[in-house]
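Structure, as structure tokens:
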Amino acid sequence: MSDYNNNEWETPSRARGERLSSRTSRVSETRGQRTQGNKGDGKKKGWRRFFNKKWILLVLFTSILVAVGGCSAIMMTTKTIGLEKMGEIEYSSIILDQKGNEVTKIGAVKREPVKLENIKSAKLIKDTFVAVEDRRFYDHNGVDYFGMGRAVVANIKEFGKAEGASTITMQVAGNVVMEDRSKTYSRKLQEVVTSWSLEREYSKDEILEAYLNYIFFGNNAMGIQMASKIYFDKDLTKDELEPHEAALLAGLPKAPSTYNPFSGEEEKQKLRRDTVLKVMAEEGVITEAEKKEQQNKEIKRDKKYLEKYLSNSEYDAYKEMVVREAIDRYGLDEKELSVGGYKITTYINPTAQKAMNQAMKDDSLYPADSVGVIDGAATMIDNKTGGLVAIAGGREYKPTFSLRSREPHQPGSSIKPLTVYSPAVDLKGYNEYFMINDDESWTYKGWNPNNYSKKSYGNVELMEVVARSLNVSTARLLVEEVGLENAVQYAGQFGIELAEKDKSSAAALALGGLTDGVSTIEMAQAYSSFPRQGKMTEAHTILKIEDTALGSGNTVKEPLKEVKESTVFQNPKQTAWYMTRMLKEVVENKTYGTGRGINIPNHDIAGKTGTSQESRDSWFAGYSKDYTMAATVYNVKGLEIVLDDKSYGAELFEYIMNKTLKGSSKLTKPEGVKDPTAPFQLKQVTDLAASYDPGNRVVNLNWTDQDEGSRVVYRIERKEEGSDWQELKQVTTGSHSDTNIEVPESGGILDDLFGNKQKVYTYRVIAIDTEADEESGKREAQPSNEASVKVVPGGDGDNGGEPEEPGPNLPLQPPSDLNVEYKERANLVKVRWNASPTPGVVYTVVRDNQQIATVEDTRYNDQLQPALAGRTVTYQVIAVNQQTGERAGTQQVQINIPGMGGDQ
């Protein structure tokens with residue numbers, strides 16, 4: 001290009017055509033040179049000049065050096081253990097309590113290494129495992145490069161960790177020999193390097209023997225010898241395995257819990273075993289005919305072999321819950337937990353767990369001769385953390401058996417606080433004093449619930465409804481106040497999943513006849529919201545998991561799922577406290593509380609009993625300050641034993657709690673919450689009394705006043721013979737003197753003798769709530785009892801003459817029916833008594849042998865001082881004749897004055 005430019009400037013005088021011809025010639029020449037250069041005869045231009053043979057050789061050589069250096073570094077830094085020292089390695093994960101004390105282990109608790117040369121069926125076992133796990137085992141040098149390439153591509157596509165394509169040698173390197181068990185790509189490279197080393201130092205059979213002795217087969221069995229014993233009751237050094245048995249064992253390591261013959265799905269187990277048999281036939285281990293024959297063999301599932309060869313731990317039930325949670329929340333599998341050496345800190349309370357195990361084994365807590373027919377379950381939760389501290393597996397529980405506390409059962413009446421009572425308190429403002437009608441004639445859409453006692457109780461306070469577990473009033477409260485939709489919503493907030501048909505069933509929601517039922521885990525979790533002031537935490541066992549593998553740095557493993565937490569109520573503290581007050585009555589009311597048999601000294605207990613339909617299940621769900629527990633005793637299959645004659649669930653609860661709780665504890669009111677007060681309820685007057693005072697020519701009326709200030713007034717009505725009721729007056733107190741009466745004049749001896757000249761007055765009183773809406777139907781109470789007096793000429797009506805003055809010849813009558821009642825809101829004691837009005841007689845009120853008042857009426861309100869709080873006070877009323885000084889007193893009556901502002 002530069003030559004071209006120079007020539008052009010040297011011949012400026014050339015003609016235009018000559019210059020064009022010259023340019024054309026040079027362009028053609030240049031194009032020819034570029035074409036030749038592309039064939040290797042010219043110079044490369046741009047980025048292509050970097051890609052030559054020297055550059056490529058340099059890059060390859062550098063890469064080889066880096067790879068060799070990296071591998072050398074990995075080989076130098078990889079810590080390994082010789083195969084001959086494998087028996088010294090601790091593979092199991094450790095379960096710790098909250099204080100860091102070791103409780104138990106996950107993984108093999110018993111191993112029996114066996115030499116290949118001593119195994120009867122050595123060839124069958126070797127060929128089967130090689131066919132399934134590593135077909136090129138005898139051909140490669142420890143690494144299957146083709147398989148590894150496919151796995152790397154797959155992991156990159158899935159953005160996953162380094163998994164897959166492990167040969168038998170690599171599995172020995174990774175799971176047995178290497179101390180680093182972290183799951184990273186660098187660790188995968190370490191496996192490769194260690195595999196090469198193993199292949200140089202040990203024979204194929206030695207490597208395979210190590211693999212067979214330390215592979216995990218599920219059910220705490222590590223190694224093929226122990227697996228053969230627990231699954232088939234066969235000692236490999238004495239007994240031969242059949243092909244279908246070898247196939248089952250070879251299929252287990254892939255997913256021990258999934259293909260576990262004792263607890264997994266039978267269809268999956270058979271499919272896995274038959275797939276292995278197919279591979280064995282394809283690899284020439286067995287013939288096609290043998291494959292078909294072996295696939296027809298039944299899989300053995302005899303759990304007695306487990307009992308024979310594996311010792312049981314008192315923590316097995318809790319351990320199962322830990323494993324389930326580690327798999328679900330942390331993404332670990334059973335194999336990793338068994339050989340990964342994790343440290344798992346849990347909420348377990350060893351004392352409570354041992355108590356549960358003892359309760360499951362104590363036959364006195366169950367009907368006689370009921371093992372196999374009646375079983376038990378229980379779950380306990382820590383109220384501070386929501387963590388699960390203990391769980392019962394069942395009366396016959398062993399590893400791989402069904403964990404009874406996870407099984408659902410009909411909760412019966414123990415569902416009532418969740419679906420009826422707490423929603424009524426939280427949504428509708430109910431408290432223990434609210435009245436509910438309990439009439440067994442009540443029906444709802446053709447459903448007529450009955451109380452267990454087969455009796456009706458009329459208008460009953462909610463506290464009594466809860467304590468007695470009345471079905472009729474509970475159903476009415478659900479239907480008429482709470483509503484089915486709200487009940488379903490609260491059940492969900494408590495973590496109770498309902499079948500679709502239960503959501504529209506008043507019977508299921510009110511009385512607990514659920515289609516699918518609930519587990520003790522779910523019930524303990526739900527009830528824990530009461531002592532935890534409305535907060536509910538998903539029941540869980542694991543506080544943290546630490547990865548102790550060398551390469552992980554002993555780090556805390558992050559969960560994939562967080563524990564769910566929620567607030568159940570709109571007004572959580574108040575609702576939880578009001579429910580606690582009523583649920584305490586279930587236990588503390590020794591007259592009719594359904595849980596009154598529970599006796600746990602020095603600890604407040606609140607809870608609810610439950611009996612399912614046909615008395616198949618007996619429940620108690622309750623709590624102390626520290627722990628919440630749900631316990632049930634139930635028929636395993638069908639209704640074979642009726643459980644209604646004894647509260648088995650409550651006895652199970654009592655037994656376990658008594659062995660768990662220490663010291664003393666009280667269920668206390670949350671800060672800022674006031675105790676419930678009784679809603680105003682207008683009462684009918686039932687004790688109206690009338691007497692004629694001829695000296696003053698009046699009729700005196702007396703009755704018990706509701707003592708609500710000016711809110712309640714009383715309409716006094718009177719009638720005479722042959723007339724209708726006429727209103728006389730409205731008053732605000734419980735007495736009145738009717739002066740508007742007619743005293744007939746004497747009509748002679750015969751009229752006086754036969755009563756021809758007498759007047760009969762009949763009275764009644766109607767209480768009126770001045771604050772009630774007139775249209776509410778609650779403004780007026782029912783009329784009182786009727787009281788009549790006769791007024792005769794010159795006499796004293798019913799008394800037959802002038803009243804005599806009390807004197808030495810007529811003994812003074814003491815007051816009767818002394819009654820005292822504490823009114824919390826006013827902080828006073830109402831003192832009431834009965835006595836006929838007598839001129840010249842007054843009444844002295846005495847408290848703790850000290851005169852506090854003298855009144856003419858038959859009532860007195862004693863305003864209390866703070867010093868009397870928490871004391872027992874004694875009252876007496878003494879009638880005093882002011883003329884003679886004669887005195888006549890009542891019997892003494894005592895009353896407990898609660899701590900002011902505290903619990904009643």
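Please note that chains go A, B, ... in the order of the structure tokens, that every chain numbers its residues from 1, and that ligands are numbered from 1 in the order shown.
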Subject >> Contact residues around Ala781 in chain A with only C-alpha atoms at 9 Å, ignoring same-chain residues under 5 positions, as a ChimeraX atom specification >> reply: /A:682-685,766-769
Selection file, N, CA and C atoms, as a PDB file, in the first residue's frame:
ATOM      1  N   LEU A 682     -79.831  -9.038  82.613  1.00  0.00           N
ATOM      2  CA  LEU A 682     -81.001  -8.691  83.418  1.00  0.00           C
ATOM      3  C   LEU A 682     -81.589  -9.953  84.022  1.00  0.00           C
ATOM      4  N   LYS A 683     -81.815  -9.895  85.350  1.00  0.00           N
ATOM      5  CA  LYS A 683     -82.304 -11.074  86.047  1.00  0.00           C
ATOM      6  C   LYS A 683     -83.756 -10.900  86.470  1.00  0.00           C
ATOM      7  N   GLN A 684     -84.473 -11.968  86.431  1.00  0.00           N
ATOM      8  CA  GLN A 684     -85.851 -11.990  86.907  1.00  0.00           C
ATOM      9  C   GLN A 684     -85.858 -11.981  88.441  1.00  0.00           C
ATOM     10  N   VAL A 685     -86.753 -11.168  89.012  1.00  0.00           N
ATOM     11  CA  VAL A 685     -86.918 -11.179  90.463  1.00  0.00           C
ATOM     12  C   VAL A 685     -87.682 -12.439  90.839  1.00  0.00           C
ATOM     13  N   ILE A 766     -91.329  -6.196  88.014  1.00  0.00           N
ATOM     14  CA  ILE A 766     -90.681  -6.486  86.718  1.00  0.00           C
ATOM     15  C   ILE A 766     -89.409  -5.650  86.624  1.00  0.00           C
ATOM     16  N   ALA A 767     -88.253  -6.331  86.463  1.00  0.00           N
ATOM     17  CA  ALA A 767     -86.968  -5.643  86.319  1.00  0.00           C
ATOM     18  C   ALA A 767     -86.828  -5.114  84.906  1.00  0.00           C
ATOM     19  N   ILE A 768     -86.303  -3.899  84.784  1.00  0.00           N
ATOM     20  CA  ILE A 768     -86.168  -3.237  83.482  1.00  0.00           C
ATOM     21  C   ILE A 768     -84.730  -2.758  83.314  1.00  0.00           C
ATOM     22  N   ASP A 769     -84.120  -3.087  82.158  1.00  0.00           N
ATOM     23  CA  ASP A 769     -82.773  -2.620  81.824  1.00  0.00           C
ATOM     24  C   ASP A 769     -82.913  -1.326  81.044  1.00  0.00           C
TER      25      ASP A 769
END
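The residue that comes closest to Lys416 in chain A, out of A:Ala359, A:Leu470, A:Ile299, A:Val642 and on the basis of only C-alpha atoms, is A:Leu470.
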**OP:** Considering only C-alpha atoms, return as a PyMOL selection string whatever protein or nucleic-acid residues lie within 10 Å of Met657 in chain A, sequence-local ones (same chain, fewer than 3 positions apart) excluded.
**Re:** chain A and resi 352+355-356+380+599-600+603+605+623-624+627-629+651-654+660-662
**OP:** Considering only C-alpha atoms, state which residue in the set A:Val465, A:Val556, A:Leu332, A:Ala888 is at the smallest distance from Val586 in chain A.
**Re:**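 Among the listed residues, A:Val465 lies closest to Val586 in chain A.
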**OP:** Can you pull out every residue within 10 Å of Val132 in chain A, counting only C-alpha atoms, but drop anything in the same chain fewer than 5 positions away, and send it as a ChimeraX atom specification?
**Re:** /A:127,247,250-251,275-277,279-280,283
Original post:
A:Thr686, A:Leu310, A:Arg779, A:Gln876: which is nearest Asn819 in chain A, counting only C-alpha atoms?
Top reply: A:Gln876
Counting only C-alpha atoms, give me one row per residue of range 447-516 of chain A with an atom at most 12 Å from an atom of range 532-542 of chain A, showing the shortest contact pair and its distance in Å to one decimal, sorted by chain then residue number, as JSON lines.
{"residue": "A:Gly492", "atom": "CA", "partner": "A:Met536", "partner_atom": "CA", "distance": 11.9}
{"residue": "A:Gln493", "atom": "CA", "partner": "A:Met536", "partner_atom": "CA", "distance": 8.9}
{"residue": "A:Phe494", "atom": "CA", "partner": "A:Met536", "partner_atom": "CA", "distance": 7.6}
{"residue": "A:Gly495", "atom": "CA", "partner": "A:Glu538", "partner_atom": "CA", "distance": 8.4}
{"residue": "A:Ile496", "atom": "CA", "partner": "A:Glu538", "partner_atom": "CA", "distance": 11.7}
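Residues within 12 Å of Gly446 in chain A, counting only C-alpha atoms and excluding same-chain residues fewer than 2 positions away, are Ser441, Trp442, Thr443, Tyr444, Asn448, Pro449, Ser505, Ala506 and Ala507 of chain A.
Nearest to Asp205 in chain A of all the residues A:Pro815, A:Tyr138, A:Glu267, A:Gly218 is A:Tyr138, based on only C-alpha atoms.
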Original post:
Which one is closest to Lys445 in chain A: A:Val479, A:Ala281, A:Leu248, A:Leu236? Count only C-alpha atoms.
Top reply: A:Val479
**OP:** Tell me, in Å to one decimal, how far CA of Pro679 in chain A is from CA of Asn571 in chain A.
**Re:**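 Going from CA of Pro679 in chain A over to CA of Asn571 in chain A covers 18.9 Å.
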Original post:
In Å, with one decimal, what is the gap from CA of Ile224 in chain A to CA of Lys300 in chain A?
Top reply: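 Between CA of Ile224 in chain A and CA of Lys300 in chain A the gap works out to 16.5 Å.
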Original post:
What does the distance from CA of Ser665 in chain A to CA of Pro601 in chain A come to in Å, to one decimal?
Top reply: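 CA of Ser665 in chain A sits 9.7 Å away from CA of Pro601 in chain A.
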Original post:
Could you pull out the strand (DSSP E or B) residues of range 487-653 of chain A from DSSP and send them as a PyMOL selection string?
Top reply: chain A and resi 518+535-537+540+542-547+555-557+565-567+603+606-611+617-623+627-635
